[in-house]
Structures are given as C-alpha cells and as structure tokens.
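Below is the file protein-v4.cif, which contains mmCIF, C-alpha atoms.
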```
data_my_file
#
loop_
_atom_site.label_atom_id
_atom_site.label_comp_id
_atom_site.auth_asym_id
_atom_site.auth_seq_id
_atom_site.Cartn_x
_atom_site.Cartn_y
_atom_site.Cartn_z
CA MET A 1 42.19 -10.63 34.34
CA SER A 2 42.70 -7.31 32.63
CA ARG A 3 41.94 -4.46 35.03
CA GLU A 4 41.59 -1.92 32.26
CA ILE A 5 37.92 -1.78 31.34
CA LEU A 6 37.02 0.65 28.59
CA SER A 7 33.46 1.91 28.34
CA CYS A 8 33.52 4.55 25.60
CA LYS A 9 31.15 2.68 23.24
CA SER A 10 27.55 1.71 23.82
CA ILE A 11 26.22 -1.80 23.30
CA LYS A 12 24.48 -0.51 20.16
CA GLN A 13 27.79 0.80 18.78
CA ILE A 14 29.55 -2.50 19.56
CA LYS A 15 26.85 -4.43 17.71
CA ALA A 16 27.16 -2.09 14.73
CA ILE A 17 30.95 -2.61 14.49
CA VAL A 18 30.58 -6.39 14.83
CA HIS A 19 27.92 -6.36 12.13
CA LYS A 20 30.28 -4.49 9.81
CA LEU A 21 33.09 -6.97 10.57
CA GLU A 22 30.77 -9.84 9.63
CA CYS A 23 29.48 -8.32 6.39
CA HIS A 24 29.83 -10.60 3.39
CA ARG A 25 32.53 -8.67 1.52
CA THR A 26 34.35 -7.03 4.41
CA HIS A 27 37.17 -9.57 4.07
CA LEU A 28 38.09 -7.89 0.77
CA MET A 29 39.14 -4.71 2.59
CA PRO A 30 42.88 -3.92 2.82
CA TYR A 31 44.16 -5.70 5.91
CA GLU A 32 45.32 -2.51 7.66
CA GLU A 33 41.84 -1.02 7.32
CA TYR A 34 40.15 -4.21 8.50
CA PHE A 35 42.51 -4.56 11.49
CA LYS A 36 41.78 -1.00 12.56
CA LEU A 37 38.06 -1.81 12.59
CA MET A 38 38.71 -5.03 14.56
CA ALA A 39 40.85 -3.19 17.11
CA GLU A 40 38.09 -0.63 17.55
CA ALA A 41 35.66 -3.41 18.45
CA LEU A 42 38.00 -5.44 20.65
CA SER A 43 39.19 -2.41 22.62
CA GLU A 44 36.00 -2.93 24.65
CA ILE A 45 36.75 -6.54 25.64
CA THR A 46 37.95 -7.72 29.04
CA ALA A 47 40.11 -10.81 28.63
CA TYR A 48 41.96 -12.79 31.26
CA THR A 49 45.08 -14.92 31.08
CA LEU A 50 45.94 -18.26 32.64
CA ASP A 51 49.41 -18.82 34.05
CA GLU A 52 49.44 -22.36 32.69
CA MET A 53 47.93 -24.45 29.93
CA LEU A 54 45.21 -27.06 30.52
CA ASP A 55 45.85 -30.20 32.57
CA PHE A 56 47.36 -32.82 30.25
CA LYS A 57 47.54 -35.78 32.64
CA ASN A 58 44.79 -37.78 30.93
CA GLU A 59 45.74 -40.20 28.16
CA GLY A 60 45.88 -38.63 24.73
CA TYR A 61 46.20 -35.07 26.03
CA GLY A 62 49.28 -32.88 25.69
CA ILE A 63 50.62 -30.86 22.76
CA PHE A 64 50.13 -32.46 19.34
CA ARG A 65 50.71 -31.36 15.77
CA ALA A 66 49.97 -33.30 12.56
CA ARG A 67 51.55 -33.20 9.10
CA GLN A 68 50.25 -35.16 6.15
CA VAL A 69 52.50 -37.69 4.42
CA TYR A 70 51.95 -38.06 0.69
CA ASN A 71 53.85 -41.31 0.26
CA ASP A 72 54.97 -44.18 2.47
CA ASP A 73 58.03 -42.36 3.82
CA PRO A 74 57.39 -40.39 7.03
CA TYR A 75 59.39 -37.26 7.83
CA LEU A 76 62.93 -37.86 9.04
CA LEU A 77 63.96 -34.47 10.44
CA ILE A 78 62.79 -32.87 13.68
CA GLU A 79 62.78 -29.54 11.83
CA ASP A 80 59.82 -30.78 9.78
CA MET A 81 57.69 -30.91 12.93
CA TRP A 82 57.96 -27.16 13.53
CA ALA A 83 56.32 -24.25 11.74
CA LYS A 84 57.44 -23.26 8.27
CA PRO A 85 59.76 -20.24 7.83
CA ASP A 86 57.89 -17.03 7.01
CA ARG A 87 59.13 -17.05 3.41
CA LEU A 88 57.44 -20.41 2.72
CA VAL A 89 53.99 -19.41 4.00
CA MET A 90 52.12 -18.76 0.76
CA ASP A 91 48.52 -18.74 1.95
CA TYR A 92 46.28 -17.36 4.68
CA GLY A 93 45.70 -19.56 7.73
CA ARG A 94 43.40 -19.46 10.73
CA CYS A 95 45.85 -17.18 12.58
CA ASN A 96 48.47 -16.20 10.00
CA ASN A 97 48.77 -13.81 7.11
CA ILE A 98 50.79 -14.60 3.96
CA LYS A 99 54.56 -14.72 4.70
CA GLU A 100 53.73 -14.99 8.42
CA SER A 101 54.52 -18.21 10.24
CA ARG A 102 52.59 -19.51 13.24
CA PHE A 103 53.00 -22.71 15.26
CA TYR A 104 49.61 -24.41 15.51
CA CYS A 105 48.91 -27.31 17.84
CA SER A 106 46.07 -29.02 19.69
CA ASN A 107 45.69 -30.33 23.22
CA PHE A 108 44.25 -33.71 22.12
CA PHE A 109 45.79 -36.04 19.58
CA LEU A 110 42.62 -36.50 17.52
CA THR A 111 41.81 -32.79 17.46
CA CYS A 112 44.79 -31.86 15.31
CA LEU A 113 43.71 -34.47 12.73
CA VAL A 114 40.22 -32.96 12.66
CA GLU A 115 41.68 -29.45 12.32
CA CYS A 116 43.75 -30.68 9.36
CA ARG A 117 40.58 -32.19 7.86
CA ALA A 118 42.25 -35.59 7.68
CA LYS A 119 40.35 -37.76 5.21
CA GLU A 120 39.90 -41.51 5.28
CA ASN A 121 42.91 -43.52 4.09
CA THR A 122 45.29 -40.55 4.31
CA LYS A 123 48.60 -40.91 6.16
CA TRP A 124 49.99 -38.55 8.77
CA VAL A 125 52.90 -37.99 11.11
CA LEU A 126 51.64 -36.99 14.53
CA ALA A 127 54.24 -35.30 16.73
CA GLU A 128 53.89 -35.09 20.50
CA TYR A 129 55.75 -32.29 22.33
CA GLU A 130 56.90 -31.78 25.90
CA PRO A 131 58.15 -28.73 27.83
CA VAL A 132 61.89 -28.08 27.72
CA GLU A 133 61.70 -27.19 31.40
CA GLU A 134 59.07 -26.82 34.09
CA LYS A 135 57.94 -23.37 33.14
CA LYS A 136 54.38 -22.09 32.99
CA ILE A 137 53.28 -20.68 29.64
CA LEU A 138 51.11 -17.59 29.80
CA THR A 139 47.90 -18.53 28.00
CA LEU A 140 45.10 -16.28 26.80
CA PRO A 141 41.85 -18.17 26.10
CA ILE A 142 39.54 -16.48 23.60
CA GLY A 143 36.10 -17.71 22.60
CA ILE A 144 36.43 -20.76 24.87
CA ASN A 145 33.60 -22.18 26.97
CA GLU A 146 34.87 -21.39 30.45
CA HIS A 147 33.41 -24.51 32.08
CA ILE A 148 36.54 -26.41 31.00
CA PHE A 149 38.75 -24.37 33.32
CA LYS A 150 39.31 -25.34 36.93
CA ASN A 151 40.06 -21.74 37.91
CA ARG A 152 38.13 -19.10 36.02
CA GLY A 153 39.01 -15.46 35.89
CA VAL A 154 36.97 -13.51 38.41
CA SER A 155 34.92 -10.85 36.66
CA HIS A 156 33.97 -7.56 38.27
CA LEU A 157 32.16 -6.22 35.24
CA ASN A 158 28.90 -4.36 35.61
CA PRO A 159 25.85 -5.60 33.62
CA ASP A 160 26.55 -3.25 30.70
CA GLN A 161 30.18 -4.37 30.44
CA LYS A 162 29.20 -8.04 30.74
CA LYS A 163 26.81 -7.62 27.83
CA LYS A 164 29.57 -6.09 25.69
CA ASN A 165 31.89 -8.95 26.59
CA GLU A 166 29.23 -11.54 25.72
CA ILE A 167 28.70 -9.97 22.29
CA LEU A 168 32.42 -9.86 21.53
CA LEU A 169 33.21 -13.34 22.90
CA ARG A 170 30.36 -14.85 20.86
CA PHE A 171 31.71 -13.09 17.77
CA ILE A 172 35.23 -14.42 18.46
CA ARG A 173 34.02 -17.95 19.13
CA ASN A 174 31.91 -18.10 15.97
CA SER A 175 34.78 -16.67 13.92
CA TYR A 176 37.29 -19.35 15.00
CA LYS A 177 34.80 -22.19 14.65
CA LYS A 178 33.78 -21.27 11.11
CA VAL A 179 34.95 -23.80 8.53
CA ILE A 180 36.73 -21.96 5.70
CA SER A 181 37.01 -23.43 2.20
CA ALA A 182 40.54 -24.12 0.98
CA SER A 183 39.65 -22.13 -2.14
CA ASP A 184 38.60 -19.02 -0.20
CA THR A 185 41.25 -18.59 2.52
CA LYS A 186 41.02 -14.79 2.38
CA ARG A 187 38.06 -15.27 4.71
CA TYR A 188 40.57 -16.06 7.46
CA LEU A 189 41.09 -12.28 7.59
CA LYS A 190 38.73 -12.11 10.57
CA THR A 191 40.61 -14.55 12.81
CA ILE A 192 43.99 -13.27 11.62
CA ALA A 193 43.02 -9.79 12.82
CA ILE A 194 41.71 -11.13 16.15
CA THR A 195 44.95 -13.10 16.68
CA ASP A 196 47.10 -10.07 15.83
CA PHE A 197 45.12 -7.89 18.21
CA PHE A 198 45.71 -10.20 21.18
CA PHE A 199 49.34 -11.04 20.37
CA ASN A 200 50.02 -7.29 20.32
CA SER A 201 48.07 -6.60 23.52
CA ASP A 202 49.80 -5.53 26.72
CA GLN A 203 48.91 -8.93 28.19
CA LEU A 204 50.96 -10.96 25.66
CA LYS A 205 53.35 -8.72 23.71
CA GLY A 206 56.99 -9.59 24.27
CA LYS A 207 56.18 -12.56 26.54
CA ASP A 208 56.46 -16.34 26.19
CA ALA A 209 52.74 -16.77 25.63
CA CYS A 210 50.14 -18.45 23.46
CA ILE A 211 46.53 -17.97 22.46
CA MET A 212 44.04 -20.75 23.14
CA TYR A 213 41.12 -20.81 20.70
CA PRO A 214 38.18 -23.16 20.05
CA SER A 215 38.44 -26.20 17.84
CA VAL A 216 35.99 -26.87 15.03
CA ALA A 217 35.68 -30.24 16.80
CA ASP A 218 34.43 -28.55 19.93
CA TYR A 219 33.49 -31.16 22.48
CA TYR A 220 34.72 -32.15 25.93
CA GLN A 221 37.99 -30.22 26.47
CA ASN A 222 39.33 -29.97 22.92
CA VAL A 223 41.10 -26.71 22.10
CA ASN A 224 43.82 -25.35 19.84
CA TYR A 225 46.87 -23.23 20.60
CA VAL A 226 48.81 -20.81 18.43
CA PHE A 227 52.35 -19.63 19.23
CA HIS A 228 54.91 -17.41 17.62
CA PRO A 229 57.28 -20.07 16.18
CA ASP A 230 60.30 -18.93 18.20
CA VAL A 231 58.31 -19.10 21.45
CA ALA A 232 57.20 -22.66 20.66
CA LYS A 233 60.76 -23.78 19.88
CA ARG A 234 62.13 -22.11 22.96
CA ASN A 235 59.66 -23.79 25.30
CA PHE A 236 58.97 -27.21 23.77
CA ARG A 237 60.76 -30.13 22.17
CA VAL A 238 59.50 -33.09 20.18
CA LYS A 239 58.97 -35.98 22.59
CA LYS A 240 58.04 -38.68 20.07
CA ALA A 241 56.15 -39.17 16.84
CA PHE A 242 53.70 -41.60 15.28
CA PHE A 243 53.20 -42.52 11.64
CA LEU A 244 49.55 -43.43 11.17
CA GLN A 245 46.76 -43.91 8.69
CA VAL A 246 43.22 -42.60 9.21
CA VAL A 247 41.04 -45.61 8.44
CA ASN A 248 37.83 -43.75 9.23
CA GLN A 249 36.45 -41.24 11.69
CA ASP A 250 33.07 -39.91 12.68
CA VAL A 251 33.01 -36.39 14.07
CA ARG A 252 29.74 -35.37 15.67
CA LYS A 253 28.70 -32.46 17.83
CA HIS A 254 29.42 -34.15 21.14
CA SER A 255 31.58 -37.15 20.25
CA HIS A 256 34.36 -38.37 18.04
CA ILE A 257 34.84 -41.99 17.05
CA ALA A 258 38.01 -42.79 15.11
CA LYS A 259 39.77 -45.83 13.76
CA LEU A 260 43.48 -45.26 13.24
CA LYS A 261 46.15 -47.64 12.04
CA PHE A 262 49.50 -46.91 13.69
CA LEU A 263 52.25 -47.82 11.21
CA SER A 264 55.53 -46.82 12.91
CA ASN A 265 56.88 -45.33 16.11
CA GLY A 266 59.22 -42.36 15.89
CA ALA A 267 61.99 -41.83 18.45
CA VAL A 268 63.92 -38.56 18.66
CA VAL A 269 67.67 -39.00 18.18
CA GLY A 270 69.53 -35.72 17.83
CA ASP A 271 67.93 -33.74 15.01
CA LYS A 272 66.33 -36.83 13.42
CA ILE A 273 63.28 -39.06 13.88
CA ILE A 274 64.18 -42.75 13.84
CA TRP A 275 61.24 -44.91 12.76
CA THR A 276 60.70 -48.45 14.01
CA GLU A 277 57.94 -50.97 13.46
CA ASN A 278 54.84 -50.30 15.52
CA LYS A 279 54.06 -52.97 18.12
CA GLU A 280 51.77 -51.04 20.44
CA ILE A 281 48.19 -49.82 20.57
CA HIS A 282 48.41 -46.08 21.19
CA PHE A 283 45.76 -44.03 22.98
CA LYS A 284 43.46 -47.06 23.04
CA ASP A 285 41.25 -45.55 25.74
CA CYS A 286 40.74 -42.34 23.77
CA LEU A 287 39.72 -43.60 20.36
CA LYS A 288 36.06 -43.76 21.44
CA TYR A 289 34.50 -41.43 23.92
CA LYS A 290 31.43 -39.27 24.44
#
```
Give the structure from the file, written as structure tokens.
Amino acid sequence: MSREILSCKSIKQIKAIVHKLECHRTHLMPYEEYFKLMAEALSEITAYTLDEMLDFKNEGYGIFRARQVYNDDPYLLIEDMWAKPDRLVMDYGRCNNIKESRFYCSNFFLTCLVECRAKENTKWVLAEYEPVEEKKILTLPIGINEHIFKNRGVSHLNPDQKKKNEILLRFIRNSYKKVISASDTKRYLKTIAITDFFFNSDQLKGKDACIMYPSVADYYQNVNYVFHPDVAKRNFRVKKAFFLQVVNQDVRKHSHIAKLKFLSNGAVVGDKIIWTENKEIHFKDCLKYK
C-alpha cells in the first residue's frame, strides 16, 4: 500500500478532471498534454501492490498469450510468442503507444482468446508460460474487483480520501473494460496514459513488475497483465503451446462457454516449437463454467 496520500484536490475537482478526461474528443489532444491531465487526476489515488501474482494452481490458470494463425501452419519460433519489437508496433493498443512494445497476457487460457476477439472458425496458437525461477513478481492491480484477492491491501484512508479513490478506481475500471473499435484505436489514449502513469510511479519504476488490469470478459477471476517486454522475457519462458481452432464460444456477463478444437501440441526445443499431432483433451474441466 502506498503510504503517500495526497489531498490537495477536492472531490469536486477530481470529478471535474475525470469528466474532462472522458469528454468525447479529448483523445484527440496531443499525448503529452493528455498525459499531464491524467497524471493530475491520478496523483490523488492510493494504490497498493501485491508481492505475487494470483494463484494459478487451478486447471487452465497460469500465464497465457494468443496469436492468430492465418493459414494451417502454426508458428515455429519461440520468438514469435513474445512481444513485437518497438519498431514493428504500428498502432495503438490497450496499454501501448505507436512504436512502443508491451507484453500482454491473461491469467486464464480462454481470456486471452476473448481479449483478441477470436471469431468462430479462426485458428490460434496459444502459448503457456512458466517462471524462469521461483521469484515473486511485483504486481499492481488497477480497476480490479478486490474480492478476488486472498490478501487485500489494508486501507487507512479517511472518508474523503476513500471517496476520491472510488471515483478514480471506477474511472480506471471503466476505461480498461471499454471495447474499442479496430478502426478507432486512438481512443486507447486513456488506458495508455493510465498505464504509463503507473509504470513510471515510484512503486513500479525500475523494478521487475507488471500491471494487472480487468478483462473485457470480467467474470470469476479473469484478469490481464501487461509487462515491459524485457521484464517478461527475463522472468518467464514458454512452457508449451497449443494450436487450436475456435469452433464457437458464448461470452456472457457471468459465464463463458467455449468449444475449441485442439489441432496440435507444441513442445519447446531450443528456440523452436515442435508440433505433434494432438491426442489429448486440454482444459476439459474449464471449457464450461459459471
């Protein structure tokens, strides 16, 4: 928990800044100007960090990342399972600016397919990662429903400070959960600025850390993580991969029912993924749940 609690702005002033940040055309501002406005708002927030990521012992939970396959040949190189180099990032993302790479992943294998908006009959490589060593990753949850944590941060905020936090956390949560059209990615400006603010905070800057943020498929314990690419590579390795086809899926507010066809298993050998015929039913207990 951050011990530094700022109280220079009133609740009315916080609401006014948030309203300006949410205005229809604010995303057209120069990024530096928009970030300054975001930092002014978020300077009032009290955020806490976890010294480890969520418990991944249940089937289907861990660190997962999906990449679409546009033909019948899945990716062959481990390098393809990591984030793109900065120079190849040509569009805005949920947490990245243009020419700025981020490593995105989810804690549940179906969540990353939902985040990628996987359509029926499309094919994907799903990579599962594991820690390089037993080392806790500093994690900052933002906009997450705290009931999913076993150990919450203990808050000593007074009623006025709690109200400010509630306003800002609701704003953050709604910002990350908003579905953005692929034709209007400039609207990611809001969550890019939030991500930059926290990555440059005293809590995370210069540390092996990640930000945990809500999934658009927000049910049970489904969350997303974003890392600086070098931090992800330093702390994780590809454990295995799956080549699959999304037959159909039904994403609702409190449940997710999916039918997947697993085509091949991918084993890691050196810097390559070796694909073999699939003979197993993967994550069978997770494909339907409420």
Handout entry: d(CA of Ile281 in chain A, CA of Val223 in chain A) in Å
Key = 24.2 Å
Practice task
For the structure shown, which residues end up in the PyMOL selection byres ((chain A and resi 212) around 8)? Put them as a PyMOL selection string, please?
Solution key: chain A and resi 139-142+144+210-211+213-214+223-226
Exercise for the section: Might you pull out every residue within 6 Å of range 67-69 of chain A, with all atoms listed in the file counted and same-chain residues fewer than 5 positions away left off, and present them as a ChimeraX atom specification? Expected result: /A:123-125
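Nearest-residue note for Tyr75 in chain A: choosing from A:Phe242, A:Phe283, A:Tyr61, A:Phe227, the minimum distance belongs to A:Phe242, counting all atoms listed in the file.
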Exercise for the section: Considering all atoms listed in the file, state which residue in the set A:Asp80, A:Asp196, A:Glu22, A:Glu128 is at the smallest distance from Glu100 in chain A. Expected result: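 Ranking A:Asp80, A:Asp196, A:Glu22, A:Glu128 by distance to Glu100 in chain A, first place goes to A:Asp196.
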